[in-house]
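K.L.:
Supplied structure: model_38.txt, compact mmCIF, C-alpha atoms.
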```
# COMPACT_ATOMS: atom_id res chain seq x y z
CA MET A 21 -17.60 7.50 21.75
CA ALA A 22 -17.07 3.71 21.57
CA ARG A 23 -13.93 4.16 19.47
CA ILE A 24 -12.33 6.04 22.35
CA LEU A 25 -13.87 3.89 25.07
CA TYR A 26 -12.39 0.60 23.89
CA SER A 27 -8.87 2.06 24.14
CA GLU A 28 -9.62 3.14 27.71
CA ILE A 29 -10.76 -0.40 28.52
CA TYR A 30 -7.58 -1.76 26.92
CA ARG A 31 -5.39 0.52 29.02
CA SER A 32 -7.27 -0.37 32.22
CA LEU A 33 -7.05 -4.13 31.63
CA ARG A 34 -3.45 -3.88 30.50
CA GLU A 35 -2.54 -2.03 33.70
CA ARG A 36 -4.23 -4.70 35.81
CA ILE A 37 -2.32 -7.45 33.99
CA VAL A 38 1.06 -5.72 34.28
CA GLU A 39 0.48 -5.00 37.99
CA GLY A 40 -0.36 -8.66 38.63
CA LYS A 41 -4.02 -8.18 39.46
CA HIS A 42 -4.70 -10.70 36.70
CA PRO A 43 -1.67 -13.04 36.92
CA VAL A 44 -0.48 -15.45 34.24
CA GLY A 45 -2.82 -18.45 34.10
CA SER A 46 -5.86 -16.55 35.34
CA LEU A 47 -8.93 -15.64 33.31
CA LEU A 48 -10.11 -12.10 32.70
CA PRO A 49 -13.67 -11.28 33.80
CA SER A 50 -16.27 -12.42 31.29
CA GLU A 51 -17.39 -10.19 28.41
CA GLN A 52 -20.72 -9.75 30.19
CA ASN A 53 -19.09 -8.61 33.43
CA LEU A 54 -16.68 -6.27 31.63
CA SER A 55 -19.59 -4.81 29.65
CA LYS A 56 -21.38 -4.05 32.90
CA GLU A 57 -18.23 -2.68 34.57
CA PHE A 58 -17.46 -0.27 31.73
CA SER A 59 -21.08 0.38 30.67
CA CYS A 60 -20.42 -0.58 27.07
CA SER A 61 -21.32 -3.20 24.48
CA ARG A 62 -19.67 -6.60 24.21
CA MET A 63 -18.28 -5.58 20.82
CA THR A 64 -16.39 -2.72 22.49
CA VAL A 65 -14.98 -5.16 25.06
CA ARG A 66 -13.91 -7.51 22.26
CA LYS A 67 -12.01 -4.71 20.52
CA ALA A 68 -10.13 -3.96 23.75
CA ILE A 69 -9.31 -7.64 24.26
CA SER A 70 -8.12 -7.94 20.65
CA LEU A 71 -5.50 -5.26 21.40
CA LEU A 72 -4.32 -7.25 24.42
CA ALA A 73 -4.18 -10.40 22.25
CA ASN A 74 -2.23 -8.58 19.54
CA GLU A 75 0.29 -7.59 22.21
CA GLY A 76 0.63 -11.22 23.28
CA LEU A 77 -0.78 -10.66 26.77
CA VAL A 78 -3.94 -12.79 26.52
CA GLN A 79 -5.38 -15.69 24.54
CA SER A 80 -9.03 -16.49 23.95
CA ILE A 81 -9.81 -20.11 24.89
CA LYS A 82 -13.04 -21.48 23.42
CA GLY A 83 -15.45 -22.52 26.13
CA LYS A 84 -13.32 -21.03 28.93
CA GLY A 85 -12.71 -17.33 28.39
CA VAL A 86 -9.72 -15.04 27.98
CA LEU A 87 -6.53 -16.44 29.54
CA VAL A 88 -3.65 -14.20 30.67
CA ILE A 89 -0.45 -15.63 29.12
CA GLU A 90 2.07 -12.80 29.64
CA THR A 91 2.54 -9.86 32.02
CA SER A 92 5.79 -8.24 30.83
CA VAL A 93 5.82 -4.93 28.98
CA ALA A 94 7.92 -4.02 25.93
CA GLY A 95 8.84 -0.66 27.45
CA THR A 96 7.69 2.02 29.86
CA SER A 97 7.71 4.96 27.44
CA LYS A 98 4.89 5.65 25.02
CA GLU A 99 7.19 4.77 22.15
CA GLY A 100 8.09 1.51 23.83
CA ALA A 101 4.43 0.64 24.35
CA PHE A 102 3.34 1.48 20.78
CA THR A 103 2.81 -1.71 18.81
CA VAL A 104 2.29 -2.42 15.13
CA SER A 105 0.09 -5.49 15.00
CA GLY A 106 -3.38 -6.73 14.20
CA LEU A 107 -5.61 -4.50 12.09
CA CYS A 108 -5.47 -1.39 14.23
CA SER A 109 -4.99 2.03 12.68
CA PHE A 110 -2.16 4.35 13.68
CA SER A 111 -4.67 6.54 15.54
CA GLU A 112 -6.15 3.56 17.41
CA SER A 113 -2.70 2.31 18.48
CA ALA A 114 -1.74 5.82 19.60
CA HIS A 115 -4.94 6.36 21.62
CA ALA A 116 -4.46 2.95 23.24
CA ILE A 117 -1.22 4.16 24.90
CA GLY A 118 -2.49 7.65 25.71
CA ALA A 119 -0.50 9.40 22.97
CA ILE A 120 -1.80 12.12 20.64
CA PRO A 121 -1.60 11.10 16.95
CA THR A 122 -1.32 13.71 14.21
CA SER A 123 -0.60 13.48 10.49
CA LYS A 124 0.77 15.85 7.88
CA ILE A 125 0.14 15.54 4.14
CA VAL A 126 3.27 15.41 1.99
CA TYR A 127 1.33 15.00 -1.26
CA PHE A 128 -2.14 14.03 -2.42
CA GLU A 129 -2.98 13.09 -6.03
CA HIS A 130 -4.90 10.77 -8.33
CA VAL A 131 -2.97 8.36 -10.55
CA SER A 132 -3.88 5.69 -13.09
CA THR A 133 -2.42 2.23 -12.53
CA ASN A 134 0.25 1.44 -15.12
CA LYS A 135 2.04 -1.90 -15.46
CA CYS A 136 4.77 -1.01 -12.95
CA LEU A 137 2.28 0.31 -10.37
CA ALA A 138 0.05 -2.74 -10.85
CA GLN A 139 2.97 -5.03 -10.03
CA LEU A 140 3.80 -2.98 -6.92
CA THR A 141 0.29 -2.58 -5.51
CA GLY A 142 -1.69 -5.55 -6.82
CA PHE A 143 -4.36 -3.35 -8.43
CA PRO A 144 -5.32 -4.02 -12.08
CA GLU A 145 -3.93 -1.75 -14.77
CA GLY A 146 -6.10 1.24 -15.67
CA GLU A 147 -7.67 1.69 -12.24
CA ASP A 148 -7.93 5.18 -10.74
CA LEU A 149 -6.04 5.32 -7.44
CA THR A 150 -5.93 7.96 -4.72
CA HIS A 151 -2.25 8.34 -3.85
CA LEU A 152 -1.13 10.11 -0.71
CA LYS A 153 1.91 10.35 1.50
CA LEU A 154 1.64 11.16 5.21
CA VAL A 155 4.08 11.90 8.01
CA ARG A 156 2.77 10.24 11.19
CA MET A 157 3.53 11.82 14.56
CA LEU A 158 3.13 10.80 18.21
CA ASP A 159 2.89 13.77 20.55
CA ASP A 160 4.24 15.97 17.72
CA LYS A 161 7.31 13.77 17.12
CA PRO A 162 7.66 12.30 13.58
CA VAL A 163 7.79 8.51 13.82
CA ALA A 164 6.64 7.12 10.46
CA VAL A 165 6.03 7.90 6.81
CA ASP A 166 3.03 6.25 5.12
CA ARG A 167 2.55 5.98 1.37
CA HIS A 168 -1.01 4.93 0.50
CA TYR A 169 -2.71 3.88 -2.71
CA PHE A 170 -6.50 3.60 -2.38
CA LEU A 171 -8.83 2.19 -5.02
CA THR A 172 -10.87 5.35 -5.67
CA SER A 173 -14.04 3.44 -6.59
CA SER A 174 -13.97 1.66 -3.19
CA VAL A 175 -12.83 4.69 -1.14
CA PRO A 176 -14.49 7.72 -2.78
CA GLY A 177 -14.47 11.23 -1.33
CA LEU A 178 -11.08 10.98 0.29
CA ASN A 179 -9.48 14.42 0.64
CA GLU A 180 -6.64 16.12 2.46
CA GLN A 181 -8.83 16.92 5.47
CA ASN A 182 -10.22 13.45 6.25
CA ALA A 183 -6.90 11.82 5.27
CA THR A 184 -5.11 13.58 8.13
CA LEU A 185 -7.67 12.37 10.67
CA SER A 186 -8.32 8.64 11.06
CA LEU A 187 -8.41 6.87 7.69
CA PHE A 188 -9.99 3.80 9.28
CA HIS A 189 -12.69 5.99 10.84
CA TYR A 190 -13.52 7.48 7.45
CA ILE A 191 -13.49 4.11 5.70
CA GLU A 192 -15.52 2.23 8.31
CA ASP A 193 -17.84 4.87 9.78
CA GLU A 194 -18.33 7.28 6.89
CA LEU A 195 -18.26 4.84 3.97
CA GLY A 196 -19.52 1.76 5.82
CA LEU A 197 -16.73 -0.45 4.44
CA THR A 198 -15.72 -3.50 6.48
CA ILE A 199 -11.95 -3.83 6.79
CA ALA A 200 -11.36 -7.57 6.89
CA VAL A 201 -7.87 -8.81 6.01
CA SER A 202 -4.38 -7.41 5.50
CA LYS A 203 -1.49 -9.26 3.83
CA ARG A 204 1.80 -7.90 5.18
CA THR A 205 5.51 -8.04 4.52
CA ILE A 206 8.03 -6.64 7.02
CA THR A 207 11.57 -5.73 5.98
CA LEU A 208 14.37 -3.29 6.83
CA ALA A 209 15.61 -0.53 4.53
CA GLN A 210 17.87 2.48 4.70
CA PRO A 211 16.02 5.80 4.49
CA ASP A 212 16.06 7.81 1.29
CA ALA A 213 16.72 11.56 1.25
CA GLU A 214 13.05 12.42 1.80
CA ASP A 215 12.76 9.97 4.73
CA CYS A 216 15.77 11.64 6.35
CA ARG A 217 14.21 15.07 5.91
CA LEU A 218 10.74 14.10 7.14
CA LEU A 219 11.80 11.88 10.05
CA GLY A 220 15.04 13.56 11.05
CA VAL A 221 17.08 10.35 10.75
CA ASP A 222 20.57 9.73 9.44
CA SER A 223 21.05 8.14 6.01
CA SER A 224 23.18 5.37 7.54
CA SER A 225 20.34 4.23 9.84
CA TYR A 226 17.61 1.73 9.05
CA LEU A 227 13.82 1.91 9.03
CA ALA A 228 11.29 -0.86 9.58
CA VAL A 229 9.21 -1.11 6.40
CA VAL A 230 5.75 -2.68 6.41
CA THR A 231 4.02 -3.17 3.06
CA SER A 232 0.46 -4.44 3.01
CA GLN A 233 -2.54 -5.07 0.82
CA THR A 234 -5.85 -4.53 2.60
CA PHE A 235 -9.13 -6.22 1.63
CA ASP A 236 -12.77 -5.64 2.52
CA SER A 237 -15.33 -8.26 3.55
CA THR A 238 -16.11 -9.10 -0.11
CA GLY A 239 -12.47 -9.94 -0.82
CA THR A 240 -11.88 -6.74 -2.81
CA GLN A 241 -8.50 -5.08 -2.34
CA PHE A 242 -9.03 -1.39 -1.60
CA GLU A 243 -5.60 -0.29 -0.29
CA TYR A 244 -1.89 -0.77 -0.72
CA ILE A 245 0.39 0.88 1.83
CA GLU A 246 4.09 1.16 2.50
CA ALA A 247 4.76 2.37 6.06
CA ARG A 248 8.31 3.25 7.13
CA TYR A 249 8.89 3.42 10.93
CA ILE A 250 11.82 4.70 12.96
CA PRO A 251 13.29 1.78 14.98
CA SER A 252 12.35 3.15 18.42
CA ILE A 253 8.64 3.10 17.55
CA PHE A 254 8.48 -0.24 15.80
CA HIS A 255 7.43 -3.13 18.03
CA PHE A 256 5.66 -5.98 16.25
CA HIS A 257 3.93 -8.54 18.45
CA ASP A 258 2.54 -11.82 17.19
CA THR A 259 1.01 -14.79 18.96
CA ALA A 260 1.61 -17.88 16.84
CA THR A 261 -0.26 -21.18 17.02
CA ARG A 262 1.21 -24.45 15.77
CA THR A 263 -0.63 -26.77 13.41
CA PRO A 264 1.53 -29.89 13.01
CA LEU A 265 2.01 -31.10 9.45
CA PRO A 266 0.82 -34.63 8.66
```
Could you express the structure from this file as structure tokens?
P.N.:
Amino acid sequence: MARILYSEIYRSLRERIVEGKHPVGSLLPSEQNLSKEFSCSRMTVRKAISLLANEGLVQSIKGKGVLVIETSVAGTSKEGAFTVSGLCSFSESAHAIGAIPTSKIVYFEHVSTNKCLAQLTGFPEGEDLTHLKLVRMLDDKPVAVDRHYFLTSSVPGLNEQNATLSLFHYIEDELGLTIAVSKRTITLAQPDAEDCRLLGVDSSSYLAVVTSQTFDSTGTQFEYIEARYIPSIFHFHDTATRTPLP
């Protein structure tokens, strides 16, 4: 319930910000007041606010509250509003904009980490990995291809059924794993023949490619992923803070 509710709170607050009900320079209502308004926990409110922060709309100010710093919108369509930022899953980002996420398995297998795979993923040689490839869709339109390698000992029981639902939901709620940190690299690449077939793009076009290593709260890497997005869906938002060098 809460996993759906926080996205509803995000959409409601986002709409208020865009419409000017919370103008730039104003503070959002406190966590306590928002919890009462939406009849939810403070943690649920924080998750909604984190989505707004990832989009660059708000900033948390210690001792003051959550400050509105931007009111513009990347686009009016669902694709234009979809953002790839923070540590949100594809399903969470889709629900946040009112889109229906679905996934289709391309392949699912277990592999042992050889030297080449260890260099690619960061996992030690000899580890058993769950390897899967997914086509991601928004409202039945293919928008991304994900290639995952999971450390099987950290993410046991993964199968084709739970892999096509929310992977984060399975990892966090079913396995009780805390997803803590992701190290990412963003590049551009031309699609290969399979990308063209799965996404319906031309071979002369380019895809946004995000590779990441994901770690749990103990510092253990449990996932390596390469996600390839069509350009119309890829909007990366980042709010940077400056720390002057001495």
K.L.:
So how far away is atom CA of Leu87 of chain A from atom CA of Ser59 of chain A, in Å?
P.N.:
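So the two atoms, atom CA of Ser59 of chain A and atom CA of Leu87 of chain A, lie 22.3 Å apart.
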K.L.:
Counting only C-alpha atoms, which residues of segment 194-263 of chain A fall within 9 Å of segment 143-158 of chain A, and what is the closest atom pair for each with its distance in Å at one decimal, ordered by chain and rising number, as CSV?
P.N.:
```
residue,atom,partner,partner_atom,distance
A:Leu218,CA,A:Val155,CA,7.1
A:Leu219,CA,A:Val155,CA,8.0
A:Gln241,CA,A:Phe143,CA,7.6
A:Phe242,CA,A:Phe143,CA,8.5
A:Glu243,CA,A:Phe143,CA,8.8
A:Tyr244,CA,A:Phe143,CA,8.5
```
K.L.:
Quick one: of A:Leu48, A:Leu178, A:Leu107, A:Val163, who's nearest to Leu77 of chain A, counting all atoms listed in the file?
P.N.:
A:Leu48
K.L.:
List as an NGL selection string the protein and nucleic acid residues near Gly85 of chain A, meaning an atom at most 10 Å away when only C-alpha atoms are counted, but skip any in the same chain fewer than 5 places from it.
P.N.:
:A and (46-51 or 79-80)
K.L.:
Give the answer as one residue: which of A:Cys216, A:Cys60, A:Ala200, A:Cys108 has the shortest atom-to-atom distance to Asn74 of chain A, using all atoms listed in the file?
P.N.:
A:Cys108
K.L.:
Interatomic distance between atom CA of Pro162 of chain A and atom CA of His189 of chain A?
P.N.:
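Interatomic distance here is 21.5 Å.
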K.L.:
May I ask for the distance between atom CA of Gly177 of chain A and atom CA of Asp215 of chain A, given in Å to one decimal place?
P.N.:
27.9 Å
K.L.:
Have a look at A:Leu187, A:Ala114, A:Val38, A:Ser109 and name the one nearest to Ser202 of chain A; count only C-alpha atoms.
P.N.:
A:Ser109
K.L.:
Using only C-alpha atoms, determine which residues lie at most 12 Å from Gly239 of chain A, disregarding the query and same-chain residues fewer than 5 positions distant; provide the list as a count of residues only.
P.N.:
10
